[in-house]
Structure formats: structure tokens, C-alpha cells
Amino acid sequence: MSEPGALRTRLDLLVREVAKFGVVGGLGVLVNLGVFNLVRGTTDIPMVRASLIATVVAIVFNYVGFRYFTYRDRDKSGRTKEMSLFLLFSVVGMVIENGVLYAATYGFGWDGPLASNFFKFFGIGIGTLFRFWSYRTWVFRALPAKEAVQTAESFLEQAPRQVARRQPDRV
């Protein structure tokens with residue numbers, strides 16, 4: 001496969017991965033905001049605690065979606081390590097997400113329903129950028145064998161052309 005062809009293939013795979021991540025993440029955002037507003041509307045739990053509860057529910061939802069949809073073709077051999085890393089990076093994302101809400105609520109006093117949903121959503125967005133990078137880099141790693149096979153296939157596709165160029169023309 002030519003260099004531009006290999007680049008195009010990698011770009012296509014990345015676009016598909018981002019789209020799948022977006023589907024699961026989008027549904028996770030709906031779960032997160034839905035649980036947040038449900039808890040806020042039906043209990044006296046303070047806003048950031050309600051947000052933490054909603055984020056934990058969304059983390060569980062997202063793990064299932066990422067493992068069995070977005071990254072189903074990735075290495076499954078180290079589930080304990082995978083889940084530990086997923087939880088670690090999810091907690092960091094949760095701190096980012098809820099830190100934004102905390103700052104808006106307690107730092108600036110923006111705690112109305114519209115403001116709290118806006119800053120919850122804004123925090124989710126910032127946390128999502130971190131989560132996408134960390135999940136694909138550390139948690140749901142590509143199988144090394146798959147990359148090796150793709151490299152070998154690329155080499156095999158180029159080899160016949162190179163051999164054909166080296167053979168002299170016969171009359």
C-alpha cells in the first residue's frame with residue numbers, strides 16, 4: 001500500500017473510532033444529564049454530589065459501551081488492568097467535569113437550573129477530550145499483532161511491484 005494509501009486507511013480508522021466514541025459518549029452524556037436532573041429534582045442532595053452520582057452512573061454505562069462497541073476489536077487479555085486504568089482515567093475526567101461545575105456553583109454562585117446544566121455539560125466536554133485521549137492511549141490499546149499484520153500486508157503488496165521492476169525484459 002502506498003504511503004498516501006496507508007495514511008488514508010489510518011485516517012479512516014480514526015474517523016470511525018471517533019464516531020463510535022461519539023455515539024457511546026453522546027448516550028453517556030444523556031445518561032449523565034438525565035440522572036443529574038432526576039437526582040436534583042427529586043432529592044435534596046447538593047448539586048455537586050448529584051453530579052458525582054450521575055457521573056458514576058455514566059462511567060458504568062460508558063465502560064460497557066466502549067468495551068463492547070467502540071473498542072470491541074481491541075486487546076481483551078488484561079481485563080483487570082483495563083478496568084483499573086479505565087476507572088483511574090474516568091475519575092480524573094470526573095474531577096475535571098465536576099471541578100468546572102463546582103467552580104461555577106460555589107465560586108461564582110451560578111447555581112440556577114440552566115446555569116448548572118450548562119456548566120455540567122461544559123465540564124463533560126472538557127473531561128471528554130481527556131477521556132478520549134487516555135482511553136485510546138492507555139486503556140483500550142490496539143492489538144500489536146493486528147498492527148504487525150497490517151504492516152506485513154502492506155509489505156507484501158509492495159513486494160511484487162519491486163520484484164517486477166528488477167527483472168530485465170526478455171525478448
# chains A, B, ... in the order shown; residues from 1 in each chain; ligands from 1
>>> select_by_dssp(residues="chain A", states="alpha helix (DSSP H)", output="MDAnalysis selection string")
chainID A and resid 3:42 47:65 79:102 113:134 144:166
>>> residues_around(residues="segment 59-67 of chain A", least_positions_apart="4", cutoff="9 Å", atoms="only C-alpha atoms", output="ChimeraX atom specification")
/A:20-21,24-25,27-28,31-32,54-55,71-74,76,83,86-87,90-91,94,140
>>> closest_residue(among="A:Arg131, A:Arg141, A:Arg136, A:Arg10", to="Leu88 of chain A", atoms="only C-alpha atoms")
A:Arg131
>>> closest_residue(among="A:Phe36, A:Phe132, A:Phe69, A:Trp138", to="Val57 of chain A", atoms="only C-alpha atoms")
A:Phe36
>>> closest_residue(among="A:Val139, A:Val56, A:Arg79, A:Val48", to="Ala104 of chain A", atoms="only C-alpha atoms")
A:Val48
>>> closest_residue(among="A:Val100, A:Val29, A:Val92, A:Ala142", to="Gly123 of chain A", atoms="only C-alpha atoms")
A:Val100
>>> atom_distance(atom1="atom CA of Pro46 of chain A", atom2="atom CA of Val23 of chain A")
29.7 Å
>>> closest_residue(among="A:Ile45, A:Thr128, A:Thr70, A:Ser116", to="Leu14 of chain A", atoms="only C-alpha atoms")
A:Thr70
